[in-house]
$ cat input_0.cif   # mmCIF, C-alpha atoms, pLDDT in the B column; chains and numbers go by the auth columns
data_data
#
loop_
_atom_site.group_PDB
_atom_site.id
_atom_site.type_symbol
_atom_site.label_atom_id
_atom_site.label_comp_id
_atom_site.label_asym_id
_atom_site.label_seq_id
_atom_site.Cartn_x
_atom_site.Cartn_y
_atom_site.Cartn_z
_atom_site.B_iso_or_equiv
_atom_site.auth_seq_id
_atom_site.auth_asym_id
ATOM 1 C CA MET A 1 -15.615 0.932 10.809 41.00 1322 A
ATOM 2 C CA THR A 2 -16.568 -1.272 7.910 44.00 1323 A
ATOM 3 C CA HIS A 3 -13.660 -2.642 5.932 46.00 1324 A
ATOM 4 C CA VAL A 4 -14.212 -3.249 2.256 49.00 1325 A
ATOM 5 C CA ALA A 5 -12.157 -6.209 1.112 47.00 1326 A
ATOM 6 C CA GLU A 6 -12.545 -5.415 -2.557 55.00 1327 A
ATOM 7 C CA VAL A 7 -12.986 -2.076 -4.217 61.00 1328 A
ATOM 8 C CA MET A 8 -16.409 -1.630 -5.790 65.00 1329 A
ATOM 9 C CA GLN A 9 -16.402 -1.903 -9.547 64.00 1330 A
ATOM 10 C CA GLY A 10 -16.100 1.504 -11.162 74.00 1331 A
ATOM 11 C CA THR A 11 -14.124 3.109 -8.348 90.00 1332 A
ATOM 12 C CA LEU A 12 -10.663 1.711 -9.056 93.00 1333 A
ATOM 13 C CA ASP A 13 -9.852 4.308 -11.725 94.00 1334 A
ATOM 14 C CA LEU A 14 -10.772 7.122 -9.351 96.00 1335 A
ATOM 15 C CA LEU A 15 -8.648 5.670 -6.541 96.00 1336 A
ATOM 16 C CA ILE A 16 -5.585 5.211 -8.757 97.00 1337 A
ATOM 17 C CA LEU A 17 -5.904 8.646 -10.344 97.00 1338 A
ATOM 18 C CA LYS A 18 -6.273 10.310 -6.945 97.00 1339 A
ATOM 19 C CA ALA A 19 -3.216 8.504 -5.578 98.00 1340 A
ATOM 20 C CA LEU A 20 -1.142 9.541 -8.584 98.00 1341 A
ATOM 21 C CA ALA A 21 -2.370 13.148 -8.341 97.00 1342 A
ATOM 22 C CA LEU A 22 -0.342 13.351 -5.135 96.00 1343 A
ATOM 23 C CA GLU A 23 2.951 12.139 -6.656 96.00 1344 A
ATOM 24 C CA PRO A 24 4.368 9.640 -9.172 96.00 1345 A
ATOM 25 C CA MET A 25 4.545 6.136 -7.668 96.00 1346 A
ATOM 26 C CA HIS A 26 5.238 2.506 -8.476 95.00 1347 A
ATOM 27 C CA GLY A 27 2.490 -0.106 -8.215 95.00 1348 A
ATOM 28 C CA TRP A 28 3.118 -1.144 -4.624 93.00 1349 A
ATOM 29 C CA GLY A 29 3.221 2.526 -3.642 95.00 1350 A
ATOM 30 C CA ILE A 30 -0.128 3.181 -5.314 97.00 1351 A
ATOM 31 C CA ALA A 31 -1.745 0.237 -3.521 96.00 1352 A
ATOM 32 C CA GLY A 32 -0.289 1.387 -0.213 96.00 1353 A
ATOM 33 C CA ARG A 33 -1.396 4.986 -0.741 97.00 1354 A
ATOM 34 C CA ILE A 34 -4.962 3.880 -1.513 96.00 1355 A
ATOM 35 C CA GLN A 35 -4.983 1.811 1.658 95.00 1356 A
ATOM 36 C CA GLN A 36 -3.567 4.767 3.620 97.00 1357 A
ATOM 37 C CA MET A 37 -6.022 7.321 2.174 96.00 1358 A
ATOM 38 C CA SER A 38 -8.977 5.041 2.963 94.00 1359 A
ATOM 39 C CA HIS A 39 -7.684 4.336 6.489 95.00 1360 A
ATOM 40 C CA GLY A 40 -7.386 0.653 5.610 93.00 1361 A
ATOM 41 C CA SER A 41 -10.874 0.287 4.120 90.00 1362 A
ATOM 42 C CA PHE A 42 -9.733 -0.229 0.523 91.00 1363 A
ATOM 43 C CA GLN A 43 -7.144 -2.825 -0.372 90.00 1364 A
ATOM 44 C CA VAL A 44 -6.291 -3.099 -4.045 91.00 1365 A
ATOM 45 C CA GLY A 45 -4.648 -6.332 -5.124 91.00 1366 A
ATOM 46 C CA GLN A 46 -1.892 -6.442 -7.710 90.00 1367 A
ATOM 47 C CA GLY A 47 -4.145 -8.536 -9.973 92.00 1368 A
ATOM 48 C CA SER A 48 -6.575 -5.618 -10.234 92.00 1369 A
ATOM 49 C CA LEU A 49 -4.096 -2.766 -10.014 95.00 1370 A
ATOM 50 C CA TYR A 50 -1.784 -3.541 -12.925 95.00 1371 A
ATOM 51 C CA PRO A 51 -4.511 -4.212 -15.524 95.00 1372 A
ATOM 52 C CA ALA A 52 -6.140 -0.912 -14.465 95.00 1373 A
ATOM 53 C CA LEU A 53 -2.815 0.941 -14.801 96.00 1374 A
ATOM 54 C CA TYR A 54 -2.290 -0.589 -18.244 96.00 1375 A
ATOM 55 C CA ARG A 55 -5.811 0.489 -19.265 95.00 1376 A
ATOM 56 C CA GLN A 56 -5.166 4.015 -17.965 97.00 1377 A
ATOM 57 C CA GLU A 57 -1.877 4.152 -19.847 97.00 1378 A
ATOM 58 C CA GLN A 58 -3.680 3.123 -23.063 97.00 1379 A
ATOM 59 C CA ARG A 59 -6.238 5.913 -22.476 97.00 1380 A
ATOM 60 C CA GLY A 60 -3.435 8.454 -22.041 98.00 1381 A
ATOM 61 C CA TRP A 61 -4.265 9.133 -18.388 98.00 1382 A
ATOM 62 C CA VAL A 62 -0.894 7.971 -17.039 98.00 1383 A
ATOM 63 C CA THR A 63 2.622 7.549 -18.347 98.00 1384 A
ATOM 64 C CA SER A 64 5.249 5.240 -16.941 97.00 1385 A
ATOM 65 C CA LEU A 65 8.998 4.887 -16.834 95.00 1386 A
ATOM 66 C CA TRP A 66 11.515 2.677 -15.116 96.00 1387 A
ATOM 67 C CA ARG A 67 13.273 4.175 -12.072 92.00 1388 A
ATOM 68 C CA THR A 68 15.253 3.072 -9.075 89.00 1389 A
ATOM 69 C CA THR A 69 13.161 2.791 -5.907 84.00 1390 A
ATOM 70 C CA GLU A 70 14.101 3.939 -2.424 83.00 1391 A
ATOM 71 C CA ASN A 71 15.182 0.302 -1.836 86.00 1392 A
ATOM 72 C CA ASN A 72 17.573 0.472 -4.812 91.00 1393 A
ATOM 73 C CA ARG A 73 15.403 -1.741 -7.025 90.00 1394 A
ATOM 74 C CA ILE A 74 14.171 -1.029 -10.517 93.00 1395 A
ATOM 75 C CA ALA A 75 10.406 -0.465 -10.764 93.00 1396 A
ATOM 76 C CA ARG A 76 7.958 1.091 -13.191 95.00 1397 A
ATOM 77 C CA TYR A 77 6.762 4.465 -11.893 96.00 1398 A
ATOM 78 C CA TYR A 78 3.427 5.869 -13.007 98.00 1399 A
ATOM 79 C CA GLU A 79 2.630 9.559 -13.372 97.00 1400 A
ATOM 80 C CA LEU A 80 -0.602 11.392 -14.109 97.00 1401 A
ATOM 81 C CA THR A 81 -0.860 13.203 -17.456 98.00 1402 A
ATOM 82 C CA ALA A 82 -2.941 16.305 -18.214 98.00 1403 A
ATOM 83 C CA GLY A 83 -5.571 13.925 -19.595 98.00 1404 A
ATOM 84 C CA GLY A 84 -5.412 11.959 -16.356 98.00 1405 A
ATOM 85 C CA ARG A 85 -6.056 15.110 -14.333 98.00 1406 A
ATOM 86 C CA LYS A 86 -9.133 15.835 -16.476 98.00 1407 A
ATOM 87 C CA ALA A 87 -10.273 12.227 -16.060 97.00 1408 A
ATOM 88 C CA LEU A 88 -9.810 12.519 -12.280 97.00 1409 A
ATOM 89 C CA SER A 89 -11.984 15.645 -12.162 97.00 1410 A
ATOM 90 C CA ALA A 90 -14.664 13.931 -14.260 96.00 1411 A
ATOM 91 C CA GLU A 91 -14.552 10.799 -12.084 94.00 1412 A
ATOM 92 C CA ILE A 92 -14.944 12.887 -8.915 96.00 1413 A
ATOM 93 C CA VAL A 93 -17.995 14.664 -10.352 96.00 1414 A
ATOM 94 C CA ARG A 94 -19.480 11.347 -11.478 93.00 1415 A
ATOM 95 C CA TRP A 95 -18.841 9.676 -8.109 93.00 1416 A
ATOM 96 C CA ARG A 96 -20.293 12.576 -6.099 95.00 1417 A
ATOM 97 C CA ALA A 97 -23.447 12.567 -8.261 95.00 1418 A
ATOM 98 C CA TYR A 98 -23.774 8.797 -7.765 91.00 1419 A
ATOM 99 C CA ALA A 99 -23.223 9.043 -3.999 93.00 1420 A
ATOM 100 C CA GLY A 100 -25.727 11.888 -3.772 96.00 1421 A
ATOM 101 C CA ALA A 101 -28.339 9.839 -5.626 96.00 1422 A
ATOM 102 C CA MET A 102 -27.668 6.882 -3.324 94.00 1423 A
ATOM 103 C CA ASP A 103 -28.158 9.174 -0.300 95.00 1424 A
ATOM 104 C CA LEU A 104 -31.535 10.229 -1.717 96.00 1425 A
ATOM 105 C CA VAL A 105 -32.590 6.597 -2.068 97.00 1426 A
ATOM 106 C CA ILE A 106 -31.338 5.625 1.385 97.00 1427 A
ATOM 107 C CA ASP A 107 -33.038 8.595 3.036 97.00 1428 A
ATOM 108 C CA ALA A 108 -36.368 8.173 1.170 95.00 1429 A
ATOM 109 C CA ARG A 109 -39.444 7.703 3.378 94.00 1430 A
#

$ encode --input "input_0.cif" --output "structure tokens"
Amino acid sequence: MTHVAEVMQGTLDLLILKALALEPMHGWGIAGRIQQMSHGSFQVGQGSLYPALYRQEQRGWVTSLWRTTENNRIARYYELTAGGRKALSAEIVRWRAYAGAMDLVIDAR
């Protein structure tokens, strides 16, 4: 299996939105869920994750609030909004079209 050290540009929003579609999470939880969903192929660093979450919050795709974690610490939890669910659907369509086009190019003879 190929491990991708960094997430390709343009896919981070999709990965975050998909993780948050499952349940509200704090930043470390989102990074861990992405790693889990990709079977270890995608590892999102905190330096990329938090600016992306801030950008998504500005777009109205996620909301956040402070909560106590399972380890009894205070952390900002992020949750998908209705706009975030629409954005997730649009990102999935866009990604599948892109991947399909790449398959056409790869399989061309």

$ atom_distance --input "input_0.cif" --atom1 "CA of Arg1397 in chain A" --atom2 "CA of Gln1364 in chain A"
20.2 Å

$ residues_near_point --input "input_0.cif" --point "(1.5, 3.8, -20.5)" --cutoff "12 Å" --atoms "all atoms listed in the file" --output "list of chain:residue names"
A:Tyr1371, A:Pro1372, A:Ala1373, A:Leu1374, A:Tyr1375, A:Arg1376, A:Gln1377, A:Glu1378, A:Gln1379, A:Arg1380, A:Gly1381, A:Trp1382, A:Val1383, A:Thr1384, A:Ser1385, A:Leu1386, A:Trp1387, A:Arg1397, A:Tyr1398, A:Tyr1399, A:Glu1400, A:Leu1401, A:Thr1402, A:Gly1405

$ write_last_selection --input "input_0.cif" --atoms "C-alpha atoms" --output "PDB file, keeping the file's coordinate frame"
ATOM      1  CA  TYR A1371      -1.784  -3.541 -12.925  1.00 95.00           C
ATOM      2  CA  PRO A1372      -4.511  -4.212 -15.524  1.00 95.00           C
ATOM      3  CA  ALA A1373      -6.140  -0.912 -14.465  1.00 95.00           C
ATOM      4  CA  LEU A1374      -2.815   0.941 -14.801  1.00 96.00           C
ATOM      5  CA  TYR A1375      -2.290  -0.589 -18.244  1.00 96.00           C
ATOM      6  CA  ARG A1376      -5.811   0.489 -19.265  1.00 95.00           C
ATOM      7  CA  GLN A1377      -5.166   4.015 -17.965  1.00 97.00           C
ATOM      8  CA  GLU A1378      -1.877   4.152 -19.847  1.00 97.00           C
ATOM      9  CA  GLN A1379      -3.680   3.123 -23.063  1.00 97.00           C
ATOM     10  CA  ARG A1380      -6.238   5.913 -22.476  1.00 97.00           C
ATOM     11  CA  GLY A1381      -3.435   8.454 -22.041  1.00 98.00           C
ATOM     12  CA  TRP A1382      -4.265   9.133 -18.388  1.00 98.00           C
ATOM     13  CA  VAL A1383      -0.894   7.971 -17.039  1.00 98.00           C
ATOM     14  CA  THR A1384       2.622   7.549 -18.347  1.00 98.00           C
ATOM     15  CA  SER A1385       5.249   5.240 -16.941  1.00 97.00           C
ATOM     16  CA  LEU A1386       8.998   4.887 -16.834  1.00 95.00           C
ATOM     17  CA  TRP A1387      11.515   2.677 -15.116  1.00 96.00           C
ATOM     18  CA  ARG A1397       7.958   1.091 -13.191  1.00 95.00           C
ATOM     19  CA  TYR A1398       6.762   4.465 -11.893  1.00 96.00           C
ATOM     20  CA  TYR A1399       3.427   5.869 -13.007  1.00 98.00           C
ATOM     21  CA  GLU A1400       2.630   9.559 -13.372  1.00 97.00           C
ATOM     22  CA  LEU A1401      -0.602  11.392 -14.109  1.00 97.00           C
ATOM     23  CA  THR A1402      -0.860  13.203 -17.456  1.00 98.00           C
ATOM     24  CA  GLY A1405      -5.412  11.959 -16.356  1.00 98.00           C
TER      25      GLY A1405
END

$ closest_residue --input "input_0.cif" --among "A:Ser1369, A:Ala1396, A:Arg1406, A:Gly1361" --to "Met1346 in chain A" --atoms "only C-alpha atoms"
A:Ala1396

$ residues_around --input "input_0.cif" --residues "Leu1335 in chain A" --least-positions-apart "4" --cutoff "7 Å" --atoms "all atoms listed in the file" --output "PyMOL selection string"
chain A and resi 1339+1409+1412

$ atom_distance --input "input_0.cif" --atom1 "CA of Gly1350 in chain A" --atom2 "CA of Ser1362 in chain A"
16.2 Å

$ atom_distance --input "input_0.cif" --atom1 "CA of Thr1389 in chain A" --atom2 "CA of Ile1355 in chain A"
21.6 Å

$ build_atoms --input "input_0.cif" --residues "range 1396-1407 of chain A" --atoms "all heavy atoms" --output "mmCIF file, in the frame of the given file"
data_model
loop_
_atom_site.group_PDB
_atom_site.id
_atom_site.type_symbol
_atom_site.label_atom_id
_atom_site.label_comp_id
_atom_site.auth_asym_id
_atom_site.auth_seq_id
_atom_site.Cartn_x
_atom_site.Cartn_y
_atom_site.Cartn_z
ATOM 1 N N ALA A 1396 11.861 -0.291 -10.713
ATOM 2 C CA ALA A 1396 10.406 -0.465 -10.764
ATOM 3 C C ALA A 1396 9.820 0.538 -11.753
ATOM 4 O O ALA A 1396 10.405 1.593 -12.018
ATOM 5 C CB ALA A 1396 9.797 -0.239 -9.380
ATOM 6 N N ARG A 1397 8.661 0.191 -12.284
ATOM 7 C CA ARG A 1397 7.958 1.091 -13.191
ATOM 8 C C ARG A 1397 7.181 2.106 -12.350
ATOM 9 O O ARG A 1397 6.373 1.731 -11.523
ATOM 10 C CB ARG A 1397 7.015 0.305 -14.093
ATOM 11 C CG ARG A 1397 6.347 1.180 -15.148
ATOM 12 C CD ARG A 1397 5.433 0.376 -16.048
ATOM 13 N NE ARG A 1397 6.149 -0.571 -16.875
ATOM 14 C CZ ARG A 1397 6.570 -0.311 -18.120
ATOM 15 N NH1 ARG A 1397 6.358 0.862 -18.656
ATOM 16 N NH2 ARG A 1397 7.191 -1.242 -18.808
ATOM 17 N N TYR A 1398 7.455 3.379 -12.577
ATOM 18 C CA TYR A 1398 6.762 4.465 -11.893
ATOM 19 C C TYR A 1398 5.699 5.034 -12.820
ATOM 20 O O TYR A 1398 5.939 5.200 -14.017
ATOM 21 C CB TYR A 1398 7.739 5.579 -11.501
ATOM 22 C CG TYR A 1398 8.408 5.335 -10.179
ATOM 23 C CD1 TYR A 1398 9.389 4.353 -10.045
ATOM 24 C CD2 TYR A 1398 8.063 6.062 -9.055
ATOM 25 C CE1 TYR A 1398 10.010 4.124 -8.835
ATOM 26 C CE2 TYR A 1398 8.676 5.842 -7.831
ATOM 27 C CZ TYR A 1398 9.647 4.867 -7.733
ATOM 28 O OH TYR A 1398 10.253 4.634 -6.528
ATOM 29 N N TYR A 1399 4.555 5.333 -12.259
ATOM 30 C CA TYR A 1399 3.427 5.869 -13.007
ATOM 31 C C TYR A 1399 3.205 7.316 -12.616
ATOM 32 O O TYR A 1399 3.348 7.688 -11.451
ATOM 33 C CB TYR A 1399 2.166 5.048 -12.728
ATOM 34 C CG TYR A 1399 2.319 3.627 -13.181
ATOM 35 C CD1 TYR A 1399 2.865 2.665 -12.337
ATOM 36 C CD2 TYR A 1399 1.963 3.251 -14.473
ATOM 37 C CE1 TYR A 1399 3.034 1.360 -12.756
ATOM 38 C CE2 TYR A 1399 2.129 1.938 -14.897
ATOM 39 C CZ TYR A 1399 2.670 0.998 -14.036
ATOM 40 O OH TYR A 1399 2.840 -0.290 -14.453
ATOM 41 N N GLU A 1400 2.846 8.135 -13.605
ATOM 42 C CA GLU A 1400 2.630 9.559 -13.372
ATOM 43 C C GLU A 1400 1.381 9.995 -14.126
ATOM 44 O O GLU A 1400 1.124 9.555 -15.248
ATOM 45 C CB GLU A 1400 3.848 10.335 -13.874
ATOM 46 C CG GLU A 1400 3.789 11.801 -13.575
ATOM 47 C CD GLU A 1400 5.118 12.496 -13.906
ATOM 48 O OE1 GLU A 1400 6.076 11.828 -14.327
ATOM 49 O OE2 GLU A 1400 5.170 13.720 -13.715
ATOM 50 N N LEU A 1401 0.609 10.862 -13.505
ATOM 51 C CA LEU A 1401 -0.602 11.392 -14.109
ATOM 52 C C LEU A 1401 -0.257 12.338 -15.250
ATOM 53 O O LEU A 1401 0.670 13.141 -15.139
ATOM 54 C CB LEU A 1401 -1.376 12.152 -13.031
ATOM 55 C CG LEU A 1401 -2.883 12.106 -13.049
ATOM 56 C CD1 LEU A 1401 -3.408 10.688 -13.066
ATOM 57 C CD2 LEU A 1401 -3.422 12.836 -11.835
ATOM 58 N N THR A 1402 -1.005 12.265 -16.343
ATOM 59 C CA THR A 1402 -0.860 13.203 -17.456
ATOM 60 C C THR A 1402 -1.924 14.295 -17.316
ATOM 61 O O THR A 1402 -2.798 14.214 -16.431
ATOM 62 C CB THR A 1402 -1.078 12.483 -18.797
ATOM 63 O OG1 THR A 1402 -2.433 12.017 -18.847
ATOM 64 C CG2 THR A 1402 -0.113 11.325 -18.992
ATOM 65 N N ALA A 1403 -1.889 15.275 -18.201
ATOM 66 C CA ALA A 1403 -2.941 16.305 -18.214
ATOM 67 C C ALA A 1403 -4.296 15.644 -18.455
ATOM 68 O O ALA A 1403 -5.297 15.994 -17.817
ATOM 69 C CB ALA A 1403 -2.642 17.350 -19.276
ATOM 70 N N GLY A 1404 -4.327 14.661 -19.348
ATOM 71 C CA GLY A 1404 -5.571 13.925 -19.595
ATOM 72 C C GLY A 1404 -6.033 13.158 -18.366
ATOM 73 O O GLY A 1404 -7.230 13.034 -18.115
ATOM 74 N N GLY A 1405 -5.086 12.666 -17.593
ATOM 75 C CA GLY A 1405 -5.412 11.959 -16.356
ATOM 76 C C GLY A 1405 -6.001 12.900 -15.315
ATOM 77 O O GLY A 1405 -6.914 12.529 -14.571
ATOM 78 N N ARG A 1406 -5.500 14.125 -15.273
ATOM 79 C CA ARG A 1406 -6.056 15.110 -14.333
ATOM 80 C C ARG A 1406 -7.498 15.459 -14.715
ATOM 81 O O ARG A 1406 -8.361 15.603 -13.852
ATOM 82 C CB ARG A 1406 -5.190 16.369 -14.289
ATOM 83 C CG ARG A 1406 -3.858 16.102 -13.627
ATOM 84 C CD ARG A 1406 -3.052 17.347 -13.341
ATOM 85 N NE ARG A 1406 -1.717 16.969 -12.915
ATOM 86 C CZ ARG A 1406 -1.400 16.492 -11.721
ATOM 87 N NH1 ARG A 1406 -2.332 16.323 -10.817
ATOM 88 N NH2 ARG A 1406 -0.164 16.171 -11.431
ATOM 89 N N LYS A 1407 -7.761 15.583 -16.013
ATOM 90 C CA LYS A 1407 -9.133 15.835 -16.476
ATOM 91 C C LYS A 1407 -10.026 14.647 -16.145
ATOM 92 O O LYS A 1407 -11.170 14.819 -15.720
ATOM 93 C CB LYS A 1407 -9.152 16.099 -17.983
ATOM 94 C CG LYS A 1407 -8.601 17.441 -18.368
ATOM 95 C CD LYS A 1407 -8.650 17.634 -19.874
ATOM 96 C CE LYS A 1407 -7.959 18.919 -20.273
ATOM 97 N NZ LYS A 1407 -7.889 19.093 -21.720
#
